[in-house]
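Structure data follow from input-v5.json (JSON, C-alpha atoms):
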```json
[["chain", "number", "residue", "atom", "x", "y", "z"],
["X", 1265, "MET", "CA", 22.10, -6.16, 27.34],
["X", 1266, "LYS", "CA", 23.42, -2.60, 27.38],
["X", 1267, "ARG", "CA", 21.02, 0.11, 28.48],
["X", 1268, "CYS", "CA", 21.28, 3.82, 29.08],
["X", 1269, "ARG", "CA", 23.15, 4.71, 32.27],
["X", 1270, "TRP", "CA", 20.08, 6.32, 33.86],
["X", 1271, "VAL", "CA", 18.22, 3.00, 34.01],
["X", 1272, "ASP", "CA", 18.13, 1.51, 37.49],
["X", 1273, "GLU", "CA", 18.92, -2.12, 36.65],
["X", 1274, "THR", "CA", 17.31, -3.25, 39.92],
["X", 1275, "SER", "CA", 13.94, -1.79, 38.93],
["X", 1276, "GLU", "CA", 11.79, -3.95, 36.65],
["X", 1277, "LEU", "CA", 9.51, -0.97, 36.16],
["X", 1278, "TYR", "CA", 12.35, 1.23, 34.90],
["X", 1279, "ILE", "CA", 13.81, -1.54, 32.73],
["X", 1280, "ARG", "CA", 10.43, -2.27, 31.13],
["X", 1281, "TYR", "CA", 9.78, 1.44, 30.50],
["X", 1282, "HIS", "CA", 13.23, 1.96, 28.96],
["X", 1283, "ASP", "CA", 13.11, -1.19, 26.84],
["X", 1284, "THR", "CA", 9.56, -0.95, 25.52],
["X", 1285, "GLU", "CA", 8.44, 2.69, 25.62],
["X", 1286, "TRP", "CA", 11.08, 5.37, 26.05],
["X", 1287, "GLY", "CA", 12.18, 6.74, 22.72],
["X", 1288, "VAL", "CA", 9.77, 4.59, 20.70],
["X", 1289, "PRO", "CA", 8.08, 6.84, 18.12],
["X", 1290, "SER", "CA", 4.39, 7.16, 18.92],
["X", 1291, "TYR", "CA", 1.62, 8.51, 16.72],
["X", 1292, "ASP", "CA", -1.25, 7.38, 18.93],
["X", 1293, "ASP", "CA", -3.15, 10.37, 20.35],
["X", 1294, "HIS", "CA", -4.34, 8.41, 23.39],
["X", 1295, "TYR", "CA", -0.75, 7.57, 24.36],
["X", 1296, "LEU", "CA", 0.43, 11.09, 23.48],
["X", 1297, "PHE", "CA", -2.13, 12.53, 25.90],
["X", 1298, "GLU", "CA", -1.23, 10.02, 28.61],
["X", 1299, "MET", "CA", 2.44, 10.92, 28.39],
["X", 1300, "LEU", "CA", 1.74, 14.66, 28.32],
["X", 1301, "LEU", "CA", -0.37, 14.33, 31.47],
["X", 1302, "LEU", "CA", 2.22, 12.19, 33.24],
["X", 1303, "GLU", "CA", 5.12, 14.43, 32.23],
["X", 1304, "SER", "CA", 3.30, 17.48, 33.58],
["X", 1305, "PHE", "CA", 2.79, 15.73, 36.92],
["X", 1306, "GLN", "CA", 6.46, 14.75, 36.98],
["X", 1307, "ALA", "CA", 7.60, 18.39, 37.21],
["X", 1308, "GLY", "CA", 9.83, 18.64, 40.27],
["X", 1309, "LEU", "CA", 9.71, 14.90, 40.95],
["X", 1310, "SER", "CA", 11.58, 11.84, 39.73],
["X", 1311, "TRP", "CA", 10.23, 9.85, 36.79],
["X", 1312, "ILE", "CA", 10.28, 6.63, 38.81],
["X", 1313, "THR", "CA", 7.79, 8.26, 41.21],
["X", 1314, "ILE", "CA", 5.41, 8.78, 38.30],
["X", 1315, "LEU", "CA", 5.98, 5.27, 36.91],
["X", 1316, "LYS", "CA", 5.14, 3.79, 40.29],
["X", 1317, "LYS", "CA", 1.89, 5.79, 40.37],
["X", 1318, "ARG", "CA", 1.03, 5.32, 36.69],
["X", 1319, "GLU", "CA", -1.72, 2.76, 37.21],
["X", 1320, "ALA", "CA", -3.28, 4.90, 39.93],
["X", 1321, "PHE", "CA", -3.18, 7.84, 37.51],
["X", 1322, "ARG", "CA", -4.77, 5.65, 34.83],
["X", 1323, "GLU", "CA", -7.63, 4.78, 37.17],
["X", 1324, "ALA", "CA", -8.04, 8.29, 38.58],
["X", 1325, "PHE", "CA", -7.96, 9.95, 35.14],
["X", 1326, "ASP", "CA", -10.41, 7.60, 33.39],
["X", 1327, "ASP", "CA", -7.77, 5.67, 31.46],
["X", 1328, "PHE", "CA", -6.41, 8.99, 30.16],
["X", 1329, "ASP", "CA", -9.55, 9.59, 28.10],
["X", 1330, "VAL", "CA", -8.92, 13.14, 26.90],
["X", 1331, "VAL", "CA", -12.62, 13.93, 26.42],
["X", 1332, "LYS", "CA", -13.55, 12.77, 29.92],
["X", 1333, "VAL", "CA", -10.62, 14.62, 31.50],
["X", 1334, "SER", "CA", -11.57, 17.80, 29.64],
["X", 1335, "GLN", "CA", -15.02, 17.65, 31.25],
["X", 1336, "TYR", "CA", -13.92, 17.27, 34.87],
["X", 1337, "ASP", "CA", -15.83, 19.55, 37.20],
["X", 1338, "GLU", "CA", -15.11, 20.80, 40.70],
["X", 1339, "THR", "CA", -16.52, 17.60, 42.24],
["X", 1340, "LYS", "CA", -14.08, 15.45, 40.24],
["X", 1341, "ILE", "CA", -11.17, 17.81, 40.94],
["X", 1342, "SER", "CA", -11.99, 17.63, 44.66],
["X", 1343, "ALA", "CA", -12.05, 13.82, 44.48],
["X", 1344, "LEU", "CA", -8.65, 13.81, 42.74],
["X", 1345, "MET", "CA", -7.27, 16.07, 45.47],
["X", 1346, "LYS", "CA", -8.28, 13.42, 48.02],
["X", 1347, "ASN", "CA", -6.76, 10.51, 46.06],
["X", 1348, "LYS", "CA", -3.65, 9.55, 48.03],
["X", 1349, "ASP", "CA", -2.43, 7.29, 45.21],
["X", 1350, "ILE", "CA", -1.65, 10.12, 42.77],
["X", 1351, "ILE", "CA", 0.22, 13.42, 43.01],
["X", 1352, "ARG", "CA", -2.28, 15.68, 44.80],
["X", 1353, "ASN", "CA", -1.17, 19.01, 43.44],
["X", 1354, "GLN", "CA", -4.17, 21.21, 42.71],
["X", 1355, "LEU", "CA", -2.32, 23.28, 40.09],
["X", 1356, "LYS", "CA", -1.25, 20.14, 38.22],
["X", 1357, "ILE", "CA", -4.72, 18.60, 38.43],
["X", 1358, "ARG", "CA", -6.32, 21.77, 37.09],
["X", 1359, "ALA", "CA", -3.64, 21.96, 34.41],
["X", 1360, "ALA", "CA", -4.50, 18.39, 33.32],
["X", 1361, "VAL", "CA", -8.14, 19.41, 32.81],
["X", 1362, "ASN", "CA", -7.14, 22.61, 31.02],
["X", 1363, "ASN", "CA", -4.56, 20.84, 28.88],
["X", 1364, "ALA", "CA", -7.08, 18.19, 27.87],
["X", 1365, "LYS", "CA", -9.29, 20.96, 26.46],
["X", 1366, "ILE", "CA", -6.36, 22.46, 24.53],
["X", 1367, "PHE", "CA", -5.30, 18.99, 23.35],
["X", 1368, "ILE", "CA", -8.77, 18.52, 21.83],
["X", 1369, "GLN", "CA", -8.58, 21.94, 20.17],
["X", 1370, "ILE", "CA", -5.23, 20.96, 18.63],
["X", 1371, "GLN", "CA", -6.74, 17.65, 17.46],
["X", 1372, "GLN", "CA", -9.54, 19.57, 15.76],
["X", 1373, "GLU", "CA", -7.11, 22.00, 14.12],
["X", 1374, "PHE", "CA", -4.61, 19.37, 12.92],
["X", 1375, "ASP", "CA", -6.95, 16.37, 12.60],
["X", 1376, "ARG", "CA", -4.84, 14.58, 15.23],
["X", 1377, "PHE", "CA", -2.51, 15.75, 17.97],
["X", 1378, "SER", "CA", 0.09, 13.46, 16.43],
["X", 1379, "ASN", "CA", 0.05, 15.57, 13.25],
["X", 1380, "TYR", "CA", 0.66, 18.68, 15.33],
["X", 1381, "ILE", "CA", 3.51, 17.39, 17.50],
["X", 1382, "TRP", "CA", 5.35, 15.62, 14.67],
["X", 1383, "SER", "CA", 5.02, 18.67, 12.40],
["X", 1384, "PHE", "CA", 7.76, 20.41, 14.37],
["X", 1385, "THR", "CA", 10.31, 17.96, 12.92],
["X", 1386, "ASN", "CA", 8.52, 17.27, 9.63],
["X", 1387, "GLY", "CA", 7.92, 13.74, 10.90],
["X", 1388, "LYS", "CA", 11.62, 13.08, 11.48],
["X", 1389, "ILE", "CA", 13.21, 11.60, 14.60],
["X", 1390, "ILE", "CA", 15.95, 13.72, 16.17],
["X", 1391, "TYR", "CA", 18.95, 11.60, 17.19],
["X", 1392, "ASN", "CA", 21.19, 12.82, 19.96],
["X", 1393, "GLU", "CA", 24.69, 11.63, 19.16],
["X", 1394, "ASN", "CA", 26.11, 13.05, 22.37],
["X", 1395, "ASP", "CA", 25.67, 10.88, 25.45],
["X", 1396, "GLU", "CA", 25.36, 13.99, 27.63],
["X", 1397, "LEU", "CA", 21.62, 14.60, 27.66],
["X", 1398, "PRO", "CA", 20.44, 18.19, 27.70],
["X", 1399, "ALA", "CA", 17.43, 19.29, 29.74],
["X", 1400, "THR", "CA", 16.07, 21.45, 26.91],
["X", 1401, "SER", "CA", 16.69, 22.14, 23.23],
["X", 1402, "PRO", "CA", 15.67, 24.73, 20.65],
["X", 1403, "LEU", "CA", 12.95, 22.25, 19.60],
["X", 1404, "SER", "CA", 11.52, 21.89, 23.11],
["X", 1405, "ASP", "CA", 11.73, 25.67, 23.53],
["X", 1406, "THR", "CA", 9.69, 26.20, 20.35],
["X", 1407, "ILE", "CA", 7.02, 23.62, 21.22],
["X", 1408, "SER", "CA", 6.79, 24.86, 24.80],
["X", 1409, "VAL", "CA", 6.18, 28.43, 23.63],
["X", 1410, "ASP", "CA", 3.55, 27.27, 21.14],
["X", 1411, "LEU", "CA", 1.70, 25.16, 23.71],
["X", 1412, "LYS", "CA", 1.76, 28.00, 26.24],
["X", 1413, "GLN", "CA", 0.43, 30.43, 23.64],
["X", 1414, "ARG", "CA", -2.42, 27.97, 23.05],
["X", 1415, "GLY", "CA", -3.15, 28.04, 26.79],
["X", 1416, "MET", "CA", -1.49, 24.89, 28.18],
["X", 1417, "LYS", "CA", 0.06, 24.83, 31.64],
["X", 1418, "PHE", "CA", 3.02, 22.87, 33.04],
["X", 1419, "VAL", "CA", 4.57, 22.62, 29.58],
["X", 1420, "GLY", "CA", 7.89, 24.36, 30.13],
["X", 1421, "SER", "CA", 10.81, 23.49, 27.90],
["X", 1422, "THR", "CA", 12.26, 20.89, 30.32],
["X", 1423, "ILE", "CA", 8.92, 19.07, 30.59],
["X", 1424, "ILE", "CA", 8.48, 19.19, 26.81],
["X", 1425, "TYR", "CA", 12.02, 17.91, 26.23],
["X", 1426, "SER", "CA", 11.26, 14.91, 28.48],
["X", 1427, "TYR", "CA", 7.97, 14.45, 26.65],
["X", 1428, "LEU", "CA", 9.70, 14.45, 23.25],
["X", 1429, "GLN", "CA", 12.13, 11.82, 24.53],
["X", 1430, "ALA", "CA", 9.29, 9.70, 25.89],
["X", 1431, "ILE", "CA", 7.25, 9.74, 22.67],
["X", 1432, "GLY", "CA", 10.22, 9.10, 20.40],
["X", 1433, "ILE", "CA", 10.54, 12.42, 18.59],
["X", 1434, "ILE", "CA", 13.95, 12.77, 20.26],
["X", 1435, "ASN", "CA", 15.95, 9.55, 20.45],
["X", 1436, "ASP", "CA", 18.21, 10.12, 23.43],
["X", 1437, "HIS", "CA", 19.28, 6.55, 23.97],
["X", 1438, "GLU", "CA", 23.00, 6.58, 24.59],
["X", 1439, "THR", "CA", 25.00, 5.51, 21.55],
["X", 1440, "THR", "CA", 26.23, 2.47, 23.51],
["X", 1441, "CYS", "CA", 22.68, 1.43, 24.43],
["X", 1442, "ASP", "CA", 21.24, -1.54, 22.53],
["X", 1443, "PHE", "CA", 18.11, 0.57, 21.90],
["X", 1444, "TYR", "CA", 19.96, 3.35, 20.07],
["X", 1445, "LYS", "CA", 19.05, 2.71, 16.46],
["X", 1446, "LYS", "CA", 19.52, 5.34, 13.83],
["X", 1447, "ASN", "CA", 17.26, 4.89, 10.83]]
```
As a first step, turn the structure in this file into structure tokens.
Amino acid sequence: MKRCRWVDETSELYIRYHDTEWGVPSYDDHYLFEMLLLESFQAGLSWITILKKREAFREAFDDFDVVKVSQYDETKISALMKNKDIIRNQLKIRAAVNNAKIFIQIQQEFDRFSNYIWSFTNGKIIYNENDELPATSPLSDTISVDLKQRGMKFVGSTIIYSYLQAIGIINDHETTCDFYKKN
């Protein structure tokens, strides 16, 4: 099987993520929130670090329940700061709570977050036909600006580009990868 060059073929975790999740179009708000939270925690770190801590994040953040996360108080934030199994960055933890509130506002405005995020491409998948992957794009720039204007944190263009790859809006599988499929 041919995979993208970035996949560490010795890591079952990376292989499973690449083969079953990365670049697969998602319209499920629960998953979209999970990935947004994880991508924001990844800032400045490697993705494999986040994948290794994903289950700990799932437990610590109430299975990525956006309503519960939006209601975290100082006691919960303090407990998260003491949780050695996740990334204990106070700014990122507070951003997760803040972003959950904004995520819910977007859901209310657009009926679903999925409707909002996919509206930027009119529901179309963007295929990268160049195997050199950029860190940002005009699309990630636009979405990043919009999310920041709505009040989200840790949603810079690089984070949003990675997010768009993860949720399948941007298909950045290399053209030689068995998972590159252009519809």
Quick one: residues within 8 Å of X:Ser1290, only C-alpha atoms, excluding same-chain residues fewer than 5 positions away - as an mmCIF file with C-alpha atoms, keeping the file's coordinate frame?
```cif
data_model
loop_
_atom_site.group_PDB
_atom_site.id
_atom_site.type_symbol
_atom_site.label_atom_id
_atom_site.label_comp_id
_atom_site.auth_asym_id
_atom_site.auth_seq_id
_atom_site.Cartn_x
_atom_site.Cartn_y
_atom_site.Cartn_z
ATOM 1 C CA TYR X 1295 -0.750 7.570 24.360
ATOM 2 C CA LEU X 1296 0.430 11.090 23.480
ATOM 3 C CA ILE X 1431 7.250 9.740 22.670
ATOM 4 C CA GLY X 1432 10.220 9.100 20.400
#
```
Item checked: Non-local contacts of stretch 1341-1351 of chain X (8 Å; all atoms listed in the file; under 6 positions in same chain excluded) as a list in words ->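 Near neighbours after the sequence-gap exclusion: Phe1305, Lys1317, Ala1320, Phe1321, Ala1324, Ile1357 and Arg1358 of chain X.
In this comparison, which uses only C-alpha atoms, the residue of X:Val1271, X:Val1361, X:Ile1434, X:Leu1315 approaching X:Glu1393 most closely is X:Ile1434.
Each of X:Leu1397, X:Leu1403, X:His1294, X:Ser1408 was checked against X:Thr1385 using only C-alpha atoms; the smallest atom-to-atom distance is that of X:Leu1403.
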Check: Can you tell me, as a count of residues only, what residues are no more than 9 Å from stretch 1330-1336 of chain X when counting only C-alpha atoms, ignoring any on the same chain fewer than 5 positions away?
Finding: 14
Checklist line | Atomic separation - atom CA of X:Arg1318 relative to atom CA of X:Ile1424, Å | finding: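 A separation of 18.6 Å between them.
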Item checked: Spatial neighbours of X:Ser1383, max dist 12 Å, only C-alpha atoms, sep filter under 3 positions, as JSON, numbers by chain -> {"X": [1291, 1374, 1376, 1377, 1378, 1379, 1380, 1386, 1387, 1388, 1389, 1403, 1406, 1407, 1433]}
Next item on the list: Could you check which of X:Lys1356, X:Arg1322, X:Arg1414, X:His1282 is closest to X:Gln1306, using all atoms listed in the file?
Entry: X:Lys1356
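Interatomic distance, atom CA of X:Phe1328 against atom CA of X:Cys1268: 28.2 Å.
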Note to self: Give me, as a list in words, all polymer residues having an atom no more than 7 Å from X:Ile1423, counting only C-alpha atoms and skipping those fewer than 4 positions away in the same chain.
What the structure shows: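 My reading of the contact set: Glu1303, Ser1304, Ala1307, Val1419 and Tyr1427 of chain X.
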Can you sort out the box for stretch 1383-1390 of chain X, edges along x, y and z, all listed atoms in, 8 Å on every side, with centre and edge lengths in Å to one decimal, as JSON?
```
{"center_x": 10.5, "center_y": 16.0, "center_z": 12.9, "size_x": 26.9, "size_y": 24.8, "size_z": 22.5}
```
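Compared by their closest atoms to X:Gln1371, and using only C-alpha atoms, the residues X:Asp1292, X:Asp1272, X:Glu1285, X:Asp1405 rank with X:Asp1292 nearest.
Between atom CA of X:Trp1286 and atom CA of X:Glu1373 there is a distance of 27.4 Å.
Remark: for X:Asn1435, the closest of the candidate residues X:Ile1390, X:Met1265, X:Leu1411, X:Ile1312 is X:Ile1390 (distances computed over all atoms listed in the file).
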